[in-house]
>>> print(open('my_file_34.cif').read())   # mmCIF, C-alpha atoms
data_protein
loop_
_atom_site.label_atom_id
_atom_site.label_comp_id
_atom_site.auth_asym_id
_atom_site.auth_seq_id
_atom_site.Cartn_x
_atom_site.Cartn_y
_atom_site.Cartn_z
CA MET A 218 -55.13 -1.12 -69.20
CA ASP A 219 -57.24 -4.26 -69.13
CA ALA A 220 -60.40 -4.57 -67.05
CA VAL A 221 -59.59 -6.31 -63.76
CA LYS A 222 -61.66 -8.25 -61.26
CA LEU A 223 -59.26 -8.75 -58.39
CA ASN A 224 -58.95 -12.21 -56.88
CA PRO A 225 -58.44 -12.35 -53.09
CA ARG A 226 -54.64 -12.64 -53.33
CA ASP A 227 -54.26 -9.72 -55.75
CA ALA A 228 -56.80 -7.67 -53.80
CA GLY A 229 -54.79 -8.05 -50.61
CA SER A 230 -51.70 -6.76 -52.40
CA PHE A 231 -53.60 -3.85 -53.93
CA PHE A 232 -55.08 -2.75 -50.60
CA THR A 233 -51.60 -2.38 -49.09
CA ARG A 234 -49.68 -1.23 -52.20
CA PRO A 235 -52.29 0.39 -54.48
CA ASP A 236 -51.71 1.33 -58.11
CA THR A 237 -52.53 5.05 -58.15
CA SER A 238 -52.89 5.08 -61.93
CA ARG A 239 -56.29 3.37 -61.53
CA SER A 240 -59.36 5.57 -61.68
CA GLY A 241 -61.33 3.75 -59.01
CA ILE A 242 -62.21 0.54 -57.25
CA LEU A 243 -65.45 -1.09 -56.10
CA ILE A 244 -65.18 -3.04 -52.85
CA HIS A 245 -68.27 -5.15 -52.18
CA GLY A 246 -69.27 -8.04 -49.96
CA GLN A 247 -71.84 -9.48 -47.58
CA ASP A 248 -69.89 -8.72 -44.38
CA ALA A 249 -69.91 -4.95 -43.84
CA MET A 250 -67.10 -5.16 -41.28
CA ARG A 251 -64.76 -6.98 -43.69
CA VAL A 252 -65.54 -4.46 -46.44
CA ALA A 253 -64.92 -1.55 -44.04
CA LEU A 254 -61.56 -2.95 -42.92
CA LYS A 255 -60.35 -3.40 -46.49
CA ARG A 256 -61.53 0.08 -47.40
CA GLN A 257 -59.71 1.44 -44.35
CA ASP A 258 -56.47 -0.32 -45.34
CA LEU A 259 -56.68 0.96 -48.91
CA ILE A 260 -57.31 4.59 -47.97
CA ARG A 261 -54.50 4.54 -45.42
CA ALA A 262 -52.16 3.19 -48.09
CA LEU A 263 -53.29 5.85 -50.59
CA ILE A 264 -53.21 9.01 -48.50
CA GLY A 265 -51.27 8.07 -45.39
CA PRO A 266 -52.22 8.69 -41.75
CA ASN A 267 -52.70 12.47 -42.17
CA GLY A 268 -54.59 12.51 -45.45
CA ALA A 269 -57.97 13.26 -43.90
CA GLU A 270 -56.58 16.20 -41.89
CA GLU A 271 -54.97 17.52 -45.07
CA MET A 272 -58.36 17.42 -46.81
CA ARG A 273 -57.24 14.81 -49.32
CA LEU A 274 -60.21 12.57 -48.49
CA GLU A 275 -63.79 13.39 -49.48
CA ARG A 276 -66.44 11.12 -47.97
CA MET A 277 -70.02 10.80 -49.12
CA SER A 278 -72.77 8.21 -49.04
CA GLY A 279 -74.95 6.81 -51.76
CA SER A 280 -77.90 8.79 -50.41
CA ASP A 281 -75.83 12.01 -50.57
CA LEU A 282 -75.26 11.45 -54.29
CA ARG A 283 -78.88 10.72 -54.98
CA ARG A 284 -79.70 14.17 -53.56
CA ASP A 285 -76.78 15.93 -55.26
CA PRO A 286 -75.38 13.95 -58.24
CA ALA A 287 -73.01 16.76 -59.32
CA ARG A 288 -71.10 16.42 -56.05
CA LEU A 289 -69.26 13.32 -57.25
CA ASP A 290 -67.63 14.82 -60.33
CA ASP A 291 -66.83 18.05 -58.45
CA ALA A 292 -65.05 16.09 -55.73
CA ILE A 293 -63.03 13.97 -58.17
CA LYS A 294 -61.87 17.01 -60.19
CA ALA A 295 -61.26 19.34 -57.23
CA GLN A 296 -57.70 20.53 -56.56
CA GLY A 297 -56.47 20.18 -53.00
CA PHE A 298 -54.49 22.66 -50.91
CA PHE A 299 -51.98 19.97 -49.93
CA PRO A 300 -49.87 17.86 -52.31
CA GLY A 301 -50.40 14.12 -52.56
CA GLN A 302 -52.91 11.51 -53.64
CA ARG A 303 -56.58 12.40 -53.17
CA VAL A 304 -59.47 9.96 -52.62
CA VAL A 305 -63.22 10.26 -53.03
CA LEU A 306 -65.01 7.65 -50.93
CA VAL A 307 -68.61 6.68 -51.68
CA GLU A 308 -70.11 4.33 -49.10
CA ASP A 309 -73.24 2.16 -49.35
CA ALA A 310 -73.52 2.51 -53.11
CA THR A 311 -76.29 0.72 -55.02
CA ASP A 312 -77.04 -0.12 -58.64
CA GLY A 313 -79.07 3.08 -58.90
CA LEU A 314 -75.78 4.99 -58.97
CA ALA A 315 -74.27 2.97 -61.81
CA LYS A 316 -74.87 5.60 -64.53
CA LEU A 317 -73.46 8.37 -62.34
CA MET A 318 -70.39 6.24 -61.60
CA GLU A 319 -69.99 5.49 -65.30
CA GLN A 320 -69.91 9.22 -66.11
CA ALA A 321 -67.33 9.83 -63.37
CA LEU A 322 -65.05 7.00 -64.53
CA SER A 323 -65.29 7.94 -68.22
CA SER A 324 -64.24 11.53 -67.51
CA TRP A 325 -61.46 10.58 -65.07
CA GLN A 326 -58.00 11.91 -65.95
CA LYS A 327 -54.56 11.51 -64.47
CA GLY A 328 -54.27 13.74 -61.40
CA ASP A 329 -57.92 13.34 -60.42
CA ALA A 330 -58.87 11.75 -57.10
CA MET A 331 -59.19 7.96 -57.01
CA LEU A 332 -62.79 6.84 -56.59
CA VAL A 333 -63.26 4.25 -53.85
CA VAL A 334 -66.77 2.79 -53.71
CA THR A 335 -68.11 0.34 -51.13
CA ALA A 336 -71.29 -1.71 -51.41
CA GLY A 337 -73.02 -4.70 -49.92
CA GLN A 338 -73.19 -8.08 -51.61
CA LEU A 339 -73.64 -7.68 -55.38
CA ASN A 340 -74.60 -10.55 -57.67
CA ALA A 341 -73.15 -11.08 -61.15
CA ARG A 342 -76.06 -9.17 -62.75
CA SER A 343 -75.42 -6.03 -60.68
CA ALA A 344 -75.04 -2.93 -62.89
CA LEU A 345 -72.52 -1.43 -60.48
CA ARG A 346 -70.43 -4.57 -60.42
CA LYS A 347 -70.53 -4.96 -64.21
CA LEU A 348 -69.41 -1.34 -64.60
CA PHE A 349 -66.28 -1.65 -62.44
CA GLU A 350 -65.40 -5.14 -63.65
CA GLY A 351 -65.67 -4.03 -67.28
CA ASP A 352 -63.96 -0.65 -67.05
CA ARG A 353 -60.38 -0.77 -68.36
CA GLN A 354 -59.16 1.81 -65.86
CA ALA A 355 -61.04 0.66 -62.74
CA LEU A 356 -61.01 -2.39 -60.48
CA ALA A 357 -63.52 -4.51 -58.59
CA ALA A 358 -62.85 -6.59 -55.49
CA ALA A 359 -65.35 -8.96 -53.86
CA ILE A 360 -64.71 -9.49 -50.13
CA TYR A 361 -65.70 -12.97 -48.98
CA THR A 362 -66.46 -14.25 -45.50
CA ASP A 363 -63.70 -16.86 -45.62
CA PRO A 364 -61.18 -16.75 -42.76
CA ALA A 365 -58.04 -14.75 -43.39
CA SER A 366 -55.41 -16.57 -45.45
CA ARG A 367 -51.86 -16.98 -44.19
CA GLU A 368 -50.75 -14.16 -46.53
CA GLU A 369 -53.45 -11.84 -45.17
CA LEU A 370 -52.53 -12.75 -41.60
CA GLU A 371 -48.85 -12.09 -42.27
CA ALA A 372 -49.78 -8.66 -43.67
CA GLU A 373 -51.87 -7.93 -40.56
CA LEU A 374 -48.95 -8.94 -38.34
CA VAL A 375 -46.58 -6.63 -40.20
CA ARG A 376 -49.12 -3.81 -39.91
CA ALA A 377 -49.36 -4.43 -36.15
CA GLY A 378 -45.55 -4.52 -35.84
CA ILE A 379 -45.32 -8.21 -34.86
CA ARG A 380 -42.45 -9.92 -36.71
CA GLU A 381 -41.03 -12.86 -34.75
CA VAL A 382 -43.83 -15.44 -35.17
CA PRO A 383 -42.77 -19.11 -34.99
CA PRO A 384 -44.92 -21.72 -36.83
CA ALA A 385 -46.71 -22.86 -33.65
CA ALA A 386 -47.79 -19.30 -32.79
CA MET A 387 -48.82 -18.70 -36.41
CA ASN A 388 -51.05 -21.78 -36.27
CA ASP A 389 -52.63 -20.48 -33.06
CA LEU A 390 -53.33 -17.12 -34.70
CA MET A 391 -54.80 -18.79 -37.79
CA ALA A 392 -57.11 -20.83 -35.55
CA LEU A 393 -58.16 -17.72 -33.61
CA GLY A 394 -58.81 -15.84 -36.85
CA ARG A 395 -61.26 -18.54 -37.93
CA VAL A 396 -63.59 -17.88 -35.02
CA LEU A 397 -63.27 -14.16 -34.29
CA ASP A 398 -65.06 -11.38 -36.12
CA PRO A 399 -62.52 -9.58 -38.37
CA GLY A 400 -62.77 -6.39 -36.33
CA ASP A 401 -62.26 -8.27 -33.07
CA PHE A 402 -59.34 -10.17 -34.58
CA ARG A 403 -57.63 -6.97 -35.68
CA GLN A 404 -58.13 -5.48 -32.20
CA THR A 405 -56.62 -8.64 -30.72
CA LEU A 406 -53.53 -8.25 -32.92
CA GLU A 407 -53.21 -4.61 -31.87
CA LYS A 408 -53.44 -5.63 -28.21
CA LEU A 409 -50.85 -8.32 -28.90
CA ALA A 410 -48.49 -5.72 -30.41
CA LEU A 411 -48.82 -3.57 -27.27
CA PHE A 412 -48.34 -6.62 -25.08
CA LYS A 413 -45.08 -7.45 -26.90
CA LEU A 414 -43.85 -3.85 -27.04
CA GLY A 415 -40.18 -3.86 -26.05
CA ASP A 416 -40.14 -7.66 -25.90
CA GLU A 417 -37.88 -9.03 -28.66
CA SER A 418 -38.57 -12.69 -27.88
CA PRO A 419 -40.56 -14.75 -30.42
CA LEU A 420 -44.35 -14.81 -30.10
CA THR A 421 -45.76 -17.72 -28.06
CA GLY A 422 -49.12 -19.31 -27.42
CA GLU A 423 -48.96 -17.88 -23.91
CA ASP A 424 -48.71 -14.36 -25.36
CA ILE A 425 -51.74 -14.96 -27.56
CA ALA A 426 -53.76 -16.43 -24.71
CA ALA A 427 -52.94 -13.38 -22.56
CA VAL A 428 -54.70 -10.97 -24.97
CA ALA A 429 -57.32 -13.18 -26.65
CA PRO A 430 -60.97 -12.45 -25.77
CA GLN A 431 -61.76 -14.17 -22.51
CA ASP A 432 -64.77 -16.28 -21.67
CA ALA A 433 -67.21 -14.33 -19.50
CA ASP A 434 -67.70 -17.43 -17.32
CA ALA A 435 -64.14 -17.57 -16.02
CA ASP A 436 -65.26 -18.77 -12.56
CA ILE A 437 -67.17 -21.66 -14.13
CA ASP A 438 -64.08 -22.58 -16.16
CA ASP A 439 -61.98 -22.65 -12.99
CA VAL A 440 -64.42 -25.05 -11.33
CA ILE A 441 -64.52 -27.34 -14.37
CA HIS A 442 -60.72 -27.49 -14.50
CA MET A 443 -60.73 -28.48 -10.82
CA VAL A 444 -63.16 -31.29 -11.64
CA ALA A 445 -61.11 -32.49 -14.61
CA GLU A 446 -57.97 -32.51 -12.46
CA GLY A 447 -59.57 -34.20 -9.47
CA SER A 448 -59.03 -31.23 -7.12
CA VAL A 449 -61.68 -32.34 -4.66
CA ALA A 450 -60.14 -30.47 -1.73
CA THR A 451 -60.58 -27.04 -3.34
CA LEU A 452 -63.80 -27.82 -5.20
CA GLY A 453 -66.13 -27.24 -2.26
CA ASP A 454 -65.18 -23.58 -1.72
CA ALA A 455 -65.31 -22.86 -5.45
CA LEU A 456 -68.80 -24.38 -5.73
CA ALA A 457 -69.95 -22.30 -2.77
CA ARG A 458 -68.80 -19.13 -4.56
CA LEU A 459 -70.68 -20.13 -7.72
CA GLY A 460 -73.80 -20.81 -5.71
CA GLY A 461 -73.50 -17.42 -4.03
CA GLN A 462 -73.25 -15.75 -7.44
CA GLY A 463 -76.53 -17.32 -8.50
CA THR A 464 -75.00 -19.47 -11.23
CA ASN A 465 -77.60 -21.33 -13.27
CA PRO A 466 -77.15 -25.11 -12.77
CA THR A 467 -78.08 -25.88 -16.39
CA THR A 468 -75.45 -23.41 -17.61
CA LEU A 469 -72.86 -25.12 -15.41
CA CYS A 470 -73.87 -28.55 -16.70
CA ILE A 471 -73.64 -27.40 -20.33
CA ALA A 472 -70.17 -25.96 -19.74
CA LEU A 473 -69.12 -29.22 -18.08
CA MET A 474 -70.41 -31.22 -21.07
CA ARG A 475 -68.58 -28.94 -23.52
CA HIS A 476 -65.30 -29.32 -21.64
CA PHE A 477 -65.45 -33.10 -21.33
CA ARG A 478 -66.53 -33.55 -24.95
CA LEU A 479 -63.45 -31.56 -25.90
CA LEU A 480 -61.31 -33.76 -23.68
CA TYR A 481 -62.84 -36.83 -25.33
CA ALA A 482 -62.11 -35.46 -28.83
CA ALA A 483 -58.55 -34.66 -27.76
CA ALA A 484 -57.98 -38.07 -26.17
CA SER A 485 -59.31 -39.94 -29.20
CA ASP A 486 -57.61 -37.90 -31.94
CA PRO A 487 -55.06 -40.04 -33.85
CA GLN A 488 -52.89 -36.94 -34.41
CA GLY A 489 -52.69 -36.25 -30.70
CA PRO A 490 -54.58 -34.01 -28.25
CA GLU A 491 -52.63 -30.87 -29.24
CA SER A 492 -53.87 -31.16 -32.81
CA ALA A 493 -57.48 -31.71 -31.73
CA LEU A 494 -57.48 -28.72 -29.39
CA SER A 495 -55.97 -26.46 -32.05
CA ARG A 496 -58.81 -27.38 -34.43
CA ALA A 497 -61.51 -26.80 -31.81
CA ARG A 498 -64.02 -23.97 -32.16
CA PRO A 499 -62.98 -21.75 -30.46
CA PRO A 500 -59.38 -22.98 -30.57
CA VAL A 501 -57.54 -23.79 -27.36
CA PHE A 502 -53.94 -22.56 -27.08
CA GLY A 503 -51.31 -21.40 -24.64
CA PRO A 504 -51.33 -22.56 -21.00
CA ARG A 505 -54.98 -23.64 -21.26
CA ARG A 506 -54.14 -26.03 -24.10
CA ASP A 507 -51.23 -27.51 -22.13
CA ARG A 508 -53.54 -27.97 -19.17
CA MET A 509 -56.23 -29.69 -21.21
CA VAL A 510 -53.69 -31.92 -22.96
CA ARG A 511 -52.65 -33.20 -19.53
CA GLN A 512 -56.29 -33.70 -18.58
CA ALA A 513 -57.08 -35.61 -21.78
CA ARG A 514 -54.09 -37.90 -21.32
CA GLY A 515 -54.86 -38.39 -17.65
CA TRP A 516 -58.45 -39.48 -18.29
CA GLY A 517 -58.12 -41.41 -21.53
CA VAL A 518 -60.92 -42.34 -23.92
CA MET A 519 -62.27 -45.35 -21.99
CA ARG A 520 -62.72 -43.42 -18.73
CA LEU A 521 -64.19 -40.34 -20.43
CA GLU A 522 -67.05 -42.24 -22.10
CA PRO A 523 -68.93 -43.06 -18.84
CA VAL A 524 -68.32 -39.50 -17.59
CA LEU A 525 -70.04 -38.09 -20.68
CA ALA A 526 -72.97 -40.47 -20.15
CA LEU A 527 -73.25 -39.33 -16.53
CA ILE A 528 -73.29 -35.64 -17.55
CA THR A 529 -75.93 -36.35 -20.20
CA ASP A 530 -78.21 -38.08 -17.66
CA THR A 531 -77.86 -35.15 -15.25
CA ASP A 532 -78.61 -32.62 -17.99
CA LEU A 533 -81.78 -34.50 -18.94
CA SER A 534 -82.84 -34.60 -15.28
CA LEU A 535 -82.39 -30.83 -14.96
CA ARG A 536 -84.58 -30.28 -18.02
CA SER A 537 -87.33 -32.65 -16.87
CA ALA A 538 -90.68 -31.49 -15.51
CA ARG A 539 -89.89 -32.85 -12.05
CA PRO A 540 -88.89 -30.17 -9.53
CA LEU A 541 -85.26 -30.74 -8.57
CA PRO A 542 -82.77 -28.84 -6.41
CA GLY A 543 -80.76 -28.08 -9.52
CA MET A 544 -77.58 -26.68 -8.01
CA ALA A 545 -77.36 -29.49 -5.48
CA VAL A 546 -77.72 -32.07 -8.25
CA VAL A 547 -74.94 -30.46 -10.33
CA GLU A 548 -72.62 -30.06 -7.33
CA ARG A 549 -73.03 -33.75 -6.57
CA LEU A 550 -72.20 -34.54 -10.20
CA LEU A 551 -69.07 -32.42 -10.13
CA ILE A 552 -67.76 -33.96 -6.92
CA ARG A 553 -68.54 -37.46 -8.21
CA ILE A 554 -66.56 -36.88 -11.42
CA ALA A 555 -63.65 -35.25 -9.58
CA MET A 556 -63.39 -38.26 -7.27
CA GLN A 557 -63.09 -40.58 -10.30
CA HIS A 558 -59.94 -38.80 -11.47
CA GLY A 559 -56.84 -40.94 -11.12
CA ARG A 560 -58.73 -44.12 -10.26
#
>>> encode(input="my_file_34.cif", output="structure tokens")
Amino acid sequence: MDAVKLNPRDAGSFFTRPDTSRSGILIHGQDAMRVALKRQDLIRALIGPNGAEEMRLERMSGSDLRRDPARLDDAIKAQGFFPGQRVVLVEDATDGLAKLMEQALSSWQKGDAMLVVTAGQLNARSALRKLFEGDRQALAAAIYTDPASREELEAELVRAGIREVPPAAMNDLMALGRVLDPGDFRQTLEKLALFKLGDESPLTGEDIAAVAPQDADADIDDVIHMVAEGSVATLGDALARLGGQGTNPTTLCIALMRHFRLLYAAASDPQGPESALSRARPPVFGPRRDRMVRQARGWGVMRLEPVLALITDTDLSLRSARPLPGMAVVERLLIRIAMQHGR
């Protein structure tokens, strides 16, 4: 076999459908969570869901091997009680283990356990990386911090059991994957699979919004939507609740600025407000996107510009050295903006 340094596309395929004739693989990268998820996928594909219980997985750390170097070769050569592929996992490996790994790979024979090694970010001069990239029987895969590709997302969806995904929902998931931590994104997909359990209808933005991580300041969001929609009649009670909760006026003003800047970007985007909101960080989708599209179209660019200037002036006043009744100032701002809606 030729030495192989897996590119991201080939690595994704190998992690789900591994070639068991390989002696081992080095998985390395800056993001420990991404490395751990890929390692988890690979081991599941190699030994199945019950492999650990059947003692076909041997785990050890780099520090374990430094104390007991002979443990690695013993684990690779050991014969299991249960039939099936065996794996020896070495986590947090460093260049100091390169010679030990070289001995293990050189003595590897068909029927031995596959060696799976994880490490942090390794540069091109790394002895460990050079070993796995140059070995004819082994593999090396660098895990980058780039957002998941469409192919990787499709594989995650299959793994979660989600199959009917129209293009619009796929775009929403791609946008969400760009802003969530990989572990959080995988948990979101698992929640989505449970949410859709027994529901054969295609995935929608509403489904995604129902399980996506929610903003902790939901009450503030409700108030800002009331302002953006001119709901003056219900605004007073909502502001009273925020005041009773001890909401920081500067926090409320910042959230207001963020919302109206997003409306301005949506209203001024030549591709339309839906496109702008989908590209936002974090992305806006589902019922919230529909709501903000209506808000952006209702306000328009020309009427949003003076609103942004008004919010900026209020924010500067709150941050000034002059003592101000902060919440009263922000409440007045909110009511003033709400009353401008529809004029």
>>> residues_around(input="my_file_34.cif", residues="Ala483 (chain A)", least_positions_apart="2", cutoff="9 Å", atoms="only C-alpha atoms", output="PyMOL selection string")
chain A and resi 478-481+485-487+489-494+509-510+513-514+518
>>> residues_around(input="my_file_34.cif", residues="Asp439 (chain A)", least_positions_apart="4", cutoff="12 Å", atoms="all atoms listed in the file", output="list in words")
Asp432, Ala433, Asp434, Ala435, Met443, Val444, Ala445, Glu446, Ser448, Thr451, Leu452, Asp454, Ala455, Leu456, Arg458, Leu459, Leu469, Ala472, Leu473, His476, Arg505 and Arg508 of chain A
>>> write_last_selection(input="my_file_34.cif", atoms="C-alpha atoms", output="PDB file, keeping the file's coordinate frame")
ATOM      1  CA  ASP A 432     -64.770 -16.280 -21.670  1.00  0.00           C
ATOM      2  CA  ALA A 433     -67.210 -14.330 -19.500  1.00  0.00           C
ATOM      3  CA  ASP A 434     -67.700 -17.430 -17.320  1.00  0.00           C
ATOM      4  CA  ALA A 435     -64.140 -17.570 -16.020  1.00  0.00           C
ATOM      5  CA  MET A 443     -60.730 -28.480 -10.820  1.00  0.00           C
ATOM      6  CA  VAL A 444     -63.160 -31.290 -11.640  1.00  0.00           C
ATOM      7  CA  ALA A 445     -61.110 -32.490 -14.610  1.00  0.00           C
ATOM      8  CA  GLU A 446     -57.970 -32.510 -12.460  1.00  0.00           C
ATOM      9  CA  SER A 448     -59.030 -31.230  -7.120  1.00  0.00           C
ATOM     10  CA  THR A 451     -60.580 -27.040  -3.340  1.00  0.00           C
ATOM     11  CA  LEU A 452     -63.800 -27.820  -5.200  1.00  0.00           C
ATOM     12  CA  ASP A 454     -65.180 -23.580  -1.720  1.00  0.00           C
ATOM     13  CA  ALA A 455     -65.310 -22.860  -5.450  1.00  0.00           C
ATOM     14  CA  LEU A 456     -68.800 -24.380  -5.730  1.00  0.00           C
ATOM     15  CA  ARG A 458     -68.800 -19.130  -4.560  1.00  0.00           C
ATOM     16  CA  LEU A 459     -70.680 -20.130  -7.720  1.00  0.00           C
ATOM     17  CA  LEU A 469     -72.860 -25.120 -15.410  1.00  0.00           C
ATOM     18  CA  ALA A 472     -70.170 -25.960 -19.740  1.00  0.00           C
ATOM     19  CA  LEU A 473     -69.120 -29.220 -18.080  1.00  0.00           C
ATOM     20  CA  HIS A 476     -65.300 -29.320 -21.640  1.00  0.00           C
ATOM     21  CA  ARG A 505     -54.980 -23.640 -21.260  1.00  0.00           C
ATOM     22  CA  ARG A 508     -53.540 -27.970 -19.170  1.00  0.00           C
TER      23      ARG A 508
END
>>> closest_residue(input="my_file_34.cif", among="A:Glu381, A:Thr467, A:Val449, A:Leu314", to="Ser418 (chain A)", atoms="only C-alpha atoms")
A:Glu381
>>> residues_around(input="my_file_34.cif", residues="region 278-285 of chain A", least_positions_apart="3", cutoff="9 Å", atoms="only C-alpha atoms", output="PyMOL selection string")
chain A and resi 288-289+306-311+313-314+317
>>> write_last_selection(input="my_file_34.cif", atoms="C-alpha atoms", output="PDB file, in the coordinates of the input")
ATOM      1  CA  ARG A 288     -71.100  16.420 -56.050  1.00  0.00           C
ATOM      2  CA  LEU A 289     -69.260  13.320 -57.250  1.00  0.00           C
ATOM      3  CA  LEU A 306     -65.010   7.650 -50.930  1.00  0.00           C
ATOM      4  CA  VAL A 307     -68.610   6.680 -51.680  1.00  0.00           C
ATOM      5  CA  GLU A 308     -70.110   4.330 -49.100  1.00  0.00           C
ATOM      6  CA  ASP A 309     -73.240   2.160 -49.350  1.00  0.00           C
ATOM      7  CA  ALA A 310     -73.520   2.510 -53.110  1.00  0.00           C
ATOM      8  CA  THR A 311     -76.290   0.720 -55.020  1.00  0.00           C
ATOM      9  CA  GLY A 313     -79.070   3.080 -58.900  1.00  0.00           C
ATOM     10  CA  LEU A 314     -75.780   4.990 -58.970  1.00  0.00           C
ATOM     11  CA  LEU A 317     -73.460   8.370 -62.340  1.00  0.00           C
TER      12      LEU A 317
END
>>> closest_residue(input="my_file_34.cif", among="A:Val382, A:Leu243, A:Met272, A:Met391", to="Pro500 (chain A)", atoms="only C-alpha atoms")
A:Met391
>>> residues_around(input="my_file_34.cif", residues="Ala357 (chain A)", least_positions_apart="3", cutoff="7 Å", atoms="only C-alpha atoms", output="PyMOL selection string")
chain A and resi 221-223+242-244+349-350
>>> closest_residue(input="my_file_34.cif", among="A:Leu521, A:Arg261, A:His245, A:Gly515", to="Ala228 (chain A)", atoms="all atoms listed in the file")
A:His245
>>> resolve_selection(input="my_file_34.cif", expression="the PyMOL selection byres ((chain A and resi 319) around 12)", output="PyMOL selection string")
chain A and resi 240-241+289-290+312-318+320-325+332+344-355
>>> atom_distance(input="my_file_34.cif", atom1="CA of Lys294 (chain A)", atom2="CA of Asp329 (chain A)")
5.4 Å
>>> residues_around(input="my_file_34.cif", residues="Glu271 (chain A)", least_positions_apart="2", cutoff="12 Å", atoms="all atoms listed in the file", output="list in words")
Ile264, Gly265, Pro266, Asn267, Gly268, Ala269, Arg273, Leu274, Glu275, Gly297, Phe298, Phe299, Pro300, Gly301, Gln302, Arg303 and Val304 of chain A
>>> write_last_selection(input="my_file_34.cif", atoms="C-alpha atoms", output="mmCIF file, in the coordinates of the input")
data_model
loop_
_atom_site.group_PDB
_atom_site.id
_atom_site.type_symbol
_atom_site.label_atom_id
_atom_site.label_comp_id
_atom_site.auth_asym_id
_atom_site.auth_seq_id
_atom_site.Cartn_x
_atom_site.Cartn_y
_atom_site.Cartn_z
ATOM 1 C CA ILE A 264 -53.210 9.010 -48.500
ATOM 2 C CA GLY A 265 -51.270 8.070 -45.390
ATOM 3 C CA PRO A 266 -52.220 8.690 -41.750
ATOM 4 C CA ASN A 267 -52.700 12.470 -42.170
ATOM 5 C CA GLY A 268 -54.590 12.510 -45.450
ATOM 6 C CA ALA A 269 -57.970 13.260 -43.900
ATOM 7 C CA ARG A 273 -57.240 14.810 -49.320
ATOM 8 C CA LEU A 274 -60.210 12.570 -48.490
ATOM 9 C CA GLU A 275 -63.790 13.390 -49.480
ATOM 10 C CA GLY A 297 -56.470 20.180 -53.000
ATOM 11 C CA PHE A 298 -54.490 22.660 -50.910
ATOM 12 C CA PHE A 299 -51.980 19.970 -49.930
ATOM 13 C CA PRO A 300 -49.870 17.860 -52.310
ATOM 14 C CA GLY A 301 -50.400 14.120 -52.560
ATOM 15 C CA GLN A 302 -52.910 11.510 -53.640
ATOM 16 C CA ARG A 303 -56.580 12.400 -53.170
ATOM 17 C CA VAL A 304 -59.470 9.960 -52.620
#
>>> closest_residue(input="my_file_34.cif", among="A:Asp291, A:Glu373, A:Pro364, A:Arg536", to="Ala330 (chain A)", atoms="all atoms listed in the file")
A:Asp291
>>> closest_residue(input="my_file_34.cif", among="A:Leu259, A:Leu374, A:Ile293, A:Leu535", to="Met277 (chain A)", atoms="all atoms listed in the file")
A:Ile293
>>> resolve_selection(input="my_file_34.cif", expression="the PyMOL selection byres ((chain A and resi 546) around 12)", output="PyMOL selection string")
chain A and resi 465-467+469-470+527-528+530-535+540-545+547-553
>>> closest_residue(input="my_file_34.cif", among="A:Val396, A:Val501, A:Ala372, A:Ile360", to="Thr233 (chain A)", atoms="only C-alpha atoms")
A:Ala372
>>> build_atoms(input="my_file_34.cif", residues="region 364-372 of chain A", atoms="N, CA, C and O atoms", output="PDB file, in the frame of the given file")
ATOM      1  N   PRO A 364     -62.196 -17.205 -43.720  1.00  0.00           N
ATOM      2  CA  PRO A 364     -61.180 -16.750 -42.760  1.00  0.00           C
ATOM      3  C   PRO A 364     -59.967 -16.185 -43.483  1.00  0.00           C
ATOM      4  O   PRO A 364     -59.713 -16.499 -44.651  1.00  0.00           O
ATOM      5  N   ALA A 365     -59.225 -15.365 -42.791  1.00  0.00           N
ATOM      6  CA  ALA A 365     -58.040 -14.750 -43.390  1.00  0.00           C
ATOM      7  C   ALA A 365     -57.039 -15.834 -43.807  1.00  0.00           C
ATOM      8  O   ALA A 365     -56.833 -16.812 -43.090  1.00  0.00           O
ATOM      9  N   SER A 366     -56.440 -15.655 -44.985  1.00  0.00           N
ATOM     10  CA  SER A 366     -55.410 -16.570 -45.450  1.00  0.00           C
ATOM     11  C   SER A 366     -54.115 -16.296 -44.688  1.00  0.00           C
ATOM     12  O   SER A 366     -53.983 -15.293 -43.971  1.00  0.00           O
ATOM     13  N   ARG A 367     -53.149 -17.182 -44.853  1.00  0.00           N
ATOM     14  CA  ARG A 367     -51.860 -16.980 -44.190  1.00  0.00           C
ATOM     15  C   ARG A 367     -51.209 -15.682 -44.678  1.00  0.00           C
ATOM     16  O   ARG A 367     -50.615 -14.939 -43.885  1.00  0.00           O
ATOM     17  N   GLU A 368     -51.335 -15.389 -45.993  1.00  0.00           N
ATOM     18  CA  GLU A 368     -50.750 -14.160 -46.530  1.00  0.00           C
ATOM     19  C   GLU A 368     -51.413 -12.929 -45.913  1.00  0.00           C
ATOM     20  O   GLU A 368     -50.735 -11.946 -45.561  1.00  0.00           O
ATOM     21  N   GLU A 369     -52.746 -12.968 -45.775  1.00  0.00           N
ATOM     22  CA  GLU A 369     -53.450 -11.840 -45.170  1.00  0.00           C
ATOM     23  C   GLU A 369     -53.059 -11.684 -43.703  1.00  0.00           C
ATOM     24  O   GLU A 369     -52.887 -10.561 -43.208  1.00  0.00           O
ATOM     25  N   LEU A 370     -52.920 -12.814 -43.002  1.00  0.00           N
ATOM     26  CA  LEU A 370     -52.530 -12.750 -41.600  1.00  0.00           C
ATOM     27  C   LEU A 370     -51.114 -12.183 -41.460  1.00  0.00           C
ATOM     28  O   LEU A 370     -50.849 -11.355 -40.574  1.00  0.00           O
ATOM     29  N   GLU A 371     -50.216 -12.615 -42.328  1.00  0.00           N
ATOM     30  CA  GLU A 371     -48.850 -12.090 -42.270  1.00  0.00           C
ATOM     31  C   GLU A 371     -48.836 -10.577 -42.508  1.00  0.00           C
ATOM     32  O   GLU A 371     -48.086  -9.842 -41.851  1.00  0.00           O
ATOM     33  N   ALA A 372     -49.701 -10.105 -43.429  1.00  0.00           N
ATOM     34  CA  ALA A 372     -49.780  -8.660 -43.670  1.00  0.00           C
ATOM     35  C   ALA A 372     -50.323  -7.933 -42.441  1.00  0.00           C
ATOM     36  O   ALA A 372     -49.860  -6.844 -42.090  1.00  0.00           O
TER      37      ALA A 372
END
